[in-house]
Amino acid sequence: MYLGLDLGTSGLKGLLMDGDQNIIGSASAPLDVTRSHSGWSEQDPAHWISACETVFDALRGSHPAELAAVTGIGLSGQMHGATLLDKGHTVLRPCMLWNDTRAHEQAARLDADPRFRQISGNIVFPGFTAPKVEWVRENEPSIFAKTALILLPKDYLRLWLTGNAVSDMSDAAGTSWLDVERRDWSDELLSATHLTQGHMPALAEGSDETGTLRAELATRWGMKQAVVAGGAGDNAASAMGLGTIEGGSAFVSLGTSGVLFASNARYSPKPESAVHAFCHAVPDTWHQMGVFLSATDSLNWWAGVTDKDAAALTAALDEKPGAPENTIFLPYLAGERTPHNDAAIRGAFIGLDHAYDQAAMTRAVLQGVAFAMADSRDALADAGTELTRVMAVGGGTRSAHWLQTMANTLNLPLDLPAEGDFGAAFGAARLGLLAQEGKGADAASICMPPTISRSFEPDAALTDAYGEAHGRYKALYQALKS
């Protein structure tokens with residue numbers, strides 16, 4: 001048996017998988033985000049531990065024999081969070097999350113240093129870890145002075161589970177401190193932010209063993225001292241769950257954020273495109289990502305404004321969308337990453353008139369997210385990755401209307417996996433299996449793609465109209481920016 005733990009923004013999920021990769025059961029615990037100022041987004045790491053305890057307790061209650069048989073545990077998590085610990089591993093302040101953009105000035109300053117793009121292969125985005133720690137150094141110097149260890153969110157869970165401070169390559173690639181091609185911390189980049197390798201965890205591949213479950217925790221939940229894998233950042237873990245490992249395979253994720261992810265057989269950076277070029281979760285593999293910060297978050301915001309359930313809003317729409325709305329929604333509720341790297345921009349409805357009702361504005365929100373995804377498609381093409389079809393995952397895939405809108409806008413077929421859970425927790429469980437199997441395990445044969453239940457082909461009669469609407473969307477961004 002294998003256990004995948006996925007530490008997300010809104011909750012922590014645990015998934016049990018047997019040796020044949022059948023999902024046996026799962027449990028989850030919610031998490032809250034604190035936004036005390038505009039652009040701020042924080043969580044208390046103690047809540048991650050509480051959520052993990054809740055998940056283990058639930059699995060012990062529902063599947064005691066299966067939990068007891070777990071031999072491999074994999075970790076997945078939200079990326080980029082800055083968890084600062086002192087010498088005794090006490091947390092010094094709330095963790096600044098991936099969508100916290102307060103450090104935009106620090107990010108711009110670091111990004112102006114050509115070493116960062118040259119060595120890390122990426123723009124220094126405000127949401128990345130390094131500028132956040134620089135913000136702490138400049139605004140909370142007493143906390144920075146006490147900082148002895150900096151961990152990403154899932155790696156704080158690992159520290160609690162195993163006692164070991166380790167990160168994996170895919171997650172570490174999003175800090176701005178990793179030499180992504182060499183897959184090692186860069187002394188030069190660390191020094192540029194007043195840090196040393198002593199502040200960093202050890203590094204491992206996602207499929208490597210990084211320790212075993214502490215004896216006291218194993219006893220508490222009636223478990224073995226299972227192997228704990230390096231794991232992965234949430235998108236790389238989702239790629240493992242979907243079998244997106246071979247070069248050219250790709251998926252779109254309609255989660256809190258929107259992601260267009262493509263696996264690469266070689267390191268292919270192009271920072272000026274604002275495409276992320278990161279290590280994948282398995283050795284000698286990389287990936288590119290286009291990312292924007294508010295995908296289902298945009299729909300959930302609109303649902304809150306209308307005092308309606310998000311699922312009810314999308315269920316009221318026809319399964320097949322018509323021509324794009326004249327109203328354009330810009331989904332920049334928390335800023336924007338690919339392709340513009342703009343932390344200050346905010347969202348907007350543009351082109352409203354008396355004819356617009358709730359359904360029309362819901363369609364506009366879904367289209368706006370699709371246009372943002374098309375921006376990432378274009379950025380990946382600029383970085384040398386042309387896509388022919390993609391899988392679709394995430395909470396937004398429950399809406400056939402949204403998937404067809406996305407296919408029309410991207411002008412790409414979208415494949416929807418068959419009923420099942422192929423997300424980050426499943427990918428983490430697969431990494432737990434690989435770590436338990438050892439270094440000779442073949443990731444590609446273990447992490448096979450799922451069966452496809454349905455494909456959404458672009459509507460040839462509408463793709464030109466959606467392409468034109470995407471052009472208006474891009475022009476409106478420029479107008480709003482100016």
# chains A, B, ... in the order shown; residues from 1 in each chain; ligands from 1
>>> closest_atom_pairs(of="segment 364-458 of chain A", to="segment 212-222 of chain A", cutoff="12 Å", atoms="only C-alpha atoms", output="JSON lines")
{"residue": "A:Gly432", "atom": "CA", "partner": "A:Thr212", "partner_atom": "CA", "distance": 11.1}
{"residue": "A:Ala435", "atom": "CA", "partner": "A:Thr212", "partner_atom": "CA", "distance": 10.9}
{"residue": "A:Gln436", "atom": "CA", "partner": "A:Thr212", "partner_atom": "CA", "distance": 10.5}
>>> select_by_dssp(residues="segment 209-438 of chain A", states="strand (DSSP E or B)", output="number ranges by chain")
A: 209-212, 227-229, 232-233, 250-254, 258-264, 276-279, 286-292, 328-330, 333, 335-336, 342, 348-350, 390-393, 414-417
>>> residues_around(residues="Ala479 of chain A", least_positions_apart="3", cutoff="12 Å", atoms="only C-alpha atoms", output="PyMOL selection string")
chain A and resi 330+345+348+350+472-476+482
>>> write_last_selection(atoms="C-alpha atoms", output="CSV table (one decimal), in the first residue's frame")
chain,number,residue,atom,x,y,z
A,330,LEU,CA,-9.7,39.8,-17.3
A,345,ILE,CA,-2.6,44.4,-12.5
A,348,ALA,CA,-12.0,43.8,-14.8
A,350,ILE,CA,-15.1,45.4,-19.9
A,472,ARG,CA,-9.3,41.8,-28.1
A,473,TYR,CA,-8.5,40.3,-24.7
A,474,LYS,CA,-4.8,40.9,-25.2
A,475,ALA,CA,-5.4,44.5,-26.4
A,476,LEU,CA,-7.5,45.2,-23.4
A,482,SER,CA,-1.3,51.8,-19.7
>>> select_by_dssp(residues="segment 253-372 of chain A", states="alpha helix (DSSP H)", output="MDAnalysis selection string")
chainID A and resid 296:306 310:315 358:372
>>> write_last_selection(atoms="N, CA, C and O atoms", output="compact mmCIF listing (two decimals), in the first residue's frame")
# COMPACT_ATOMS: atom_id res chain seq x y z
N THR A 296 -10.16 28.70 -11.32
CA THR A 296 -11.41 28.50 -10.58
C THR A 296 -11.58 29.56 -9.50
O THR A 296 -12.70 29.82 -9.06
N ASP A 297 -10.48 30.17 -9.09
CA ASP A 297 -10.58 31.28 -8.14
C ASP A 297 -11.43 32.40 -8.72
O ASP A 297 -12.16 33.08 -7.97
N SER A 298 -11.36 32.62 -10.03
CA SER A 298 -12.20 33.65 -10.67
C SER A 298 -13.67 33.25 -10.61
O SER A 298 -14.54 34.07 -10.28
N LEU A 299 -13.96 31.99 -10.94
CA LEU A 299 -15.35 31.53 -10.87
C LEU A 299 -15.87 31.56 -9.44
O LEU A 299 -17.01 31.98 -9.20
N ASN A 300 -15.04 31.17 -8.49
CA ASN A 300 -15.48 31.19 -7.09
C ASN A 300 -15.72 32.62 -6.61
O ASN A 300 -16.64 32.88 -5.83
N TRP A 301 -14.88 33.55 -7.07
CA TRP A 301 -15.12 34.95 -6.73
C TRP A 301 -16.47 35.40 -7.28
O TRP A 301 -17.26 36.03 -6.58
N TRP A 302 -16.75 35.08 -8.55
CA TRP A 302 -18.01 35.47 -9.17
C TRP A 302 -19.19 34.81 -8.46
O TRP A 302 -20.24 35.43 -8.26
N ALA A 303 -19.02 33.57 -8.04
CA ALA A 303 -20.08 32.89 -7.30
C ALA A 303 -20.37 33.61 -5.99
O ALA A 303 -21.53 33.75 -5.58
N GLY A 304 -19.30 34.07 -5.32
CA GLY A 304 -19.51 34.82 -4.08
C GLY A 304 -20.23 36.13 -4.31
O GLY A 304 -21.10 36.52 -3.53
N VAL A 305 -19.89 36.82 -5.40
CA VAL A 305 -20.55 38.09 -5.72
C VAL A 305 -22.04 37.88 -5.97
O VAL A 305 -22.89 38.68 -5.55
N THR A 306 -22.36 36.79 -6.68
CA THR A 306 -23.76 36.52 -7.02
C THR A 306 -24.51 35.75 -5.94
O THR A 306 -25.71 35.52 -6.07
N ALA A 310 -20.85 27.86 -7.32
CA ALA A 310 -20.14 27.88 -8.60
C ALA A 310 -20.64 26.78 -9.53
O ALA A 310 -20.81 27.01 -10.74
N ALA A 311 -20.89 25.60 -8.99
CA ALA A 311 -21.37 24.49 -9.82
C ALA A 311 -22.73 24.82 -10.41
O ALA A 311 -23.03 24.47 -11.56
N ALA A 312 -23.59 25.49 -9.64
CA ALA A 312 -24.91 25.86 -10.14
C ALA A 312 -24.80 26.88 -11.27
O ALA A 312 -25.56 26.84 -12.25
N LEU A 313 -23.86 27.80 -11.16
CA LEU A 313 -23.67 28.80 -12.20
C LEU A 313 -23.27 28.15 -13.53
O LEU A 313 -23.79 28.51 -14.59
N THR A 314 -22.34 27.19 -13.48
CA THR A 314 -21.91 26.55 -14.72
C THR A 314 -22.94 25.54 -15.22
O THR A 314 -23.07 25.35 -16.44
N ALA A 315 -23.68 24.89 -14.32
CA ALA A 315 -24.69 23.92 -14.74
C ALA A 315 -25.82 24.59 -15.51
O ALA A 315 -26.51 23.94 -16.31
N GLN A 358 -26.86 37.38 -15.62
CA GLN A 358 -25.93 36.59 -14.83
C GLN A 358 -25.27 35.49 -15.66
O GLN A 358 -24.05 35.26 -15.56
N ALA A 359 -26.04 34.82 -16.50
CA ALA A 359 -25.49 33.74 -17.32
C ALA A 359 -24.44 34.27 -18.29
O ALA A 359 -23.38 33.64 -18.48
N ALA A 360 -24.71 35.41 -18.90
CA ALA A 360 -23.75 35.98 -19.85
C ALA A 360 -22.45 36.36 -19.15
O ALA A 360 -21.36 36.14 -19.70
N MET A 361 -22.56 36.87 -17.94
CA MET A 361 -21.35 37.25 -17.21
C MET A 361 -20.60 36.02 -16.72
O MET A 361 -19.36 36.02 -16.68
N THR A 362 -21.31 34.96 -16.39
CA THR A 362 -20.64 33.70 -16.05
C THR A 362 -19.86 33.18 -17.24
O THR A 362 -18.70 32.76 -17.12
N ARG A 363 -20.49 33.22 -18.43
CA ARG A 363 -19.78 32.80 -19.63
C ARG A 363 -18.54 33.65 -19.87
O ARG A 363 -17.49 33.14 -20.27
N ALA A 364 -18.65 34.95 -19.61
CA ALA A 364 -17.51 35.84 -19.79
C ALA A 364 -16.37 35.48 -18.84
O ALA A 364 -15.19 35.54 -19.23
N VAL A 365 -16.70 35.11 -17.60
CA VAL A 365 -15.67 34.70 -16.64
C VAL A 365 -14.95 33.46 -17.15
O VAL A 365 -13.71 33.38 -17.15
N LEU A 366 -15.72 32.46 -17.60
CA LEU A 366 -15.10 31.23 -18.11
C LEU A 366 -14.24 31.51 -19.34
O LEU A 366 -13.16 30.94 -19.50
N GLN A 367 -14.72 32.39 -20.22
CA GLN A 367 -13.95 32.74 -21.41
C GLN A 367 -12.67 33.48 -21.03
O GLN A 367 -11.61 33.24 -21.63
N GLY A 368 -12.76 34.37 -20.05
CA GLY A 368 -11.57 35.11 -19.63
C GLY A 368 -10.47 34.19 -19.15
O GLY A 368 -9.29 34.38 -19.47
N VAL A 369 -10.85 33.16 -18.40
CA VAL A 369 -9.87 32.17 -17.95
C VAL A 369 -9.29 31.42 -19.14
O VAL A 369 -8.08 31.15 -19.20
N ALA A 370 -10.14 31.08 -20.11
CA ALA A 370 -9.66 30.39 -21.32
C ALA A 370 -8.69 31.28 -22.10
O ALA A 370 -7.68 30.80 -22.63
N PHE A 371 -8.97 32.57 -22.17
CA PHE A 371 -8.06 33.48 -22.87
C PHE A 371 -6.71 33.56 -22.15
O PHE A 371 -5.65 33.62 -22.79
N ALA A 372 -6.73 33.56 -20.81
CA ALA A 372 -5.48 33.56 -20.05
C ALA A 372 -4.69 32.29 -20.34
O ALA A 372 -3.45 32.31 -20.45
>>> atom_distance(atom1="atom CA of Gly247 of chain A", atom2="atom CA of Ser263 of chain A")
5.0 Å
>>> residues_around(residues="Tyr156 of chain A", least_positions_apart="5", cutoff="10 Å", atoms="only C-alpha atoms", output="number ranges by chain")
A: 45-46, 48-49, 83-85, 89, 91, 150-151, 161, 163-167
>>> residues_around(residues="Asp113 of chain A", least_positions_apart="4", cutoff="10 Å", atoms="only C-alpha atoms", output="PyMOL selection string")
chain A and resi 108-109+117-118+124+189+192
>>> residues_around(residues="Thr285 of chain A", least_positions_apart="3", cutoff="10 Å", atoms="only C-alpha atoms", output="ChimeraX atom specification")
/A:170,181,245-247,263-267,278-282
>>> write_last_selection(atoms="N, CA, C and O atoms", output="compact mmCIF listing (two decimals), in the first residue's frame")
# COMPACT_ATOMS: atom_id res chain seq x y z
N SER A 170 11.78 19.46 -8.27
CA SER A 170 10.71 20.20 -8.94
C SER A 170 10.23 21.37 -8.09
O SER A 170 9.99 22.47 -8.60
N GLU A 181 19.40 23.56 -14.46
CA GLU A 181 20.05 22.61 -15.36
C GLU A 181 20.92 21.61 -14.58
O GLU A 181 20.89 20.41 -14.85
N ILE A 245 5.01 12.46 -18.56
CA ILE A 245 6.45 12.35 -18.30
C ILE A 245 7.24 12.46 -19.59
O ILE A 245 8.25 13.16 -19.64
N GLU A 246 6.80 11.78 -20.61
CA GLU A 246 7.52 11.79 -21.88
C GLU A 246 7.48 13.18 -22.52
O GLU A 246 6.49 13.91 -22.38
N GLY A 247 8.55 13.55 -23.23
CA GLY A 247 8.60 14.85 -23.89
C GLY A 247 7.44 15.05 -24.84
O GLY A 247 7.08 14.16 -25.60
N SER A 263 5.77 18.43 -20.54
CA SER A 263 6.99 17.72 -20.16
C SER A 263 8.03 17.85 -21.26
O SER A 263 7.70 17.87 -22.45
N ASN A 264 9.31 17.97 -20.83
CA ASN A 264 10.41 18.14 -21.78
C ASN A 264 11.53 17.14 -21.49
O ASN A 264 11.86 16.91 -20.32
N ALA A 265 12.09 16.58 -22.54
CA ALA A 265 13.20 15.64 -22.38
C ALA A 265 14.52 16.37 -22.14
O ALA A 265 15.52 15.74 -21.78
N ARG A 266 14.52 17.69 -22.32
CA ARG A 266 15.74 18.46 -22.08
C ARG A 266 15.36 19.79 -21.44
O ARG A 266 14.22 20.24 -21.48
N TYR A 267 16.33 20.42 -20.85
CA TYR A 267 16.16 21.72 -20.21
C TYR A 267 16.01 22.78 -21.28
O TYR A 267 16.88 22.93 -22.15
N PHE A 278 11.23 24.27 -15.19
CA PHE A 278 11.54 23.63 -13.91
C PHE A 278 12.01 22.19 -14.11
O PHE A 278 11.75 21.57 -15.15
N CYS A 279 12.65 21.64 -13.09
CA CYS A 279 12.91 20.21 -13.05
C CYS A 279 11.60 19.46 -12.90
O CYS A 279 10.68 19.92 -12.21
N HIS A 280 11.52 18.29 -13.53
CA HIS A 280 10.39 17.39 -13.30
C HIS A 280 10.66 16.57 -12.04
O HIS A 280 11.71 16.70 -11.40
N ALA A 281 9.71 15.71 -11.69
CA ALA A 281 9.81 14.95 -10.45
C ALA A 281 10.68 13.71 -10.56
O ALA A 281 10.94 13.06 -9.55
N VAL A 282 11.13 13.38 -11.76
CA VAL A 282 11.99 12.22 -11.95
C VAL A 282 13.29 12.68 -12.61
O VAL A 282 13.33 13.72 -13.26
>>> closest_residue(among="A:Ala343, A:Ser10, A:Ile328, A:Met17", to="Ser38 of chain A", atoms="only C-alpha atoms")
A:Ala343
>>> closest_residue(among="A:Thr451, A:Arg115, A:Ala250, A:Pro153", to="Ser186 of chain A", atoms="only C-alpha atoms")
A:Arg115
>>> residues_around(residues="Tyr2 of chain A", least_positions_apart="2", cutoff="6 Å", atoms="only C-alpha atoms", output="list in words")
Leu16, Met17, Val70, Gly72, Ile73 and Ala429 of chain A
>>> atom_distance(atom1="atom CA of Thr388 of chain A", atom2="atom CA of Pro417 of chain A")
16.9 Å
>>> closest_residue(among="A:Pro131, A:Gly438, A:Gly4, A:Pro114", to="Phe422 of chain A", atoms="only C-alpha atoms")
A:Gly4
>>> closest_residue(among="A:Ala392, A:Leu159, A:Cys95, A:Ile123", to="Pro339 of chain A", atoms="only C-alpha atoms")
A:Ile123
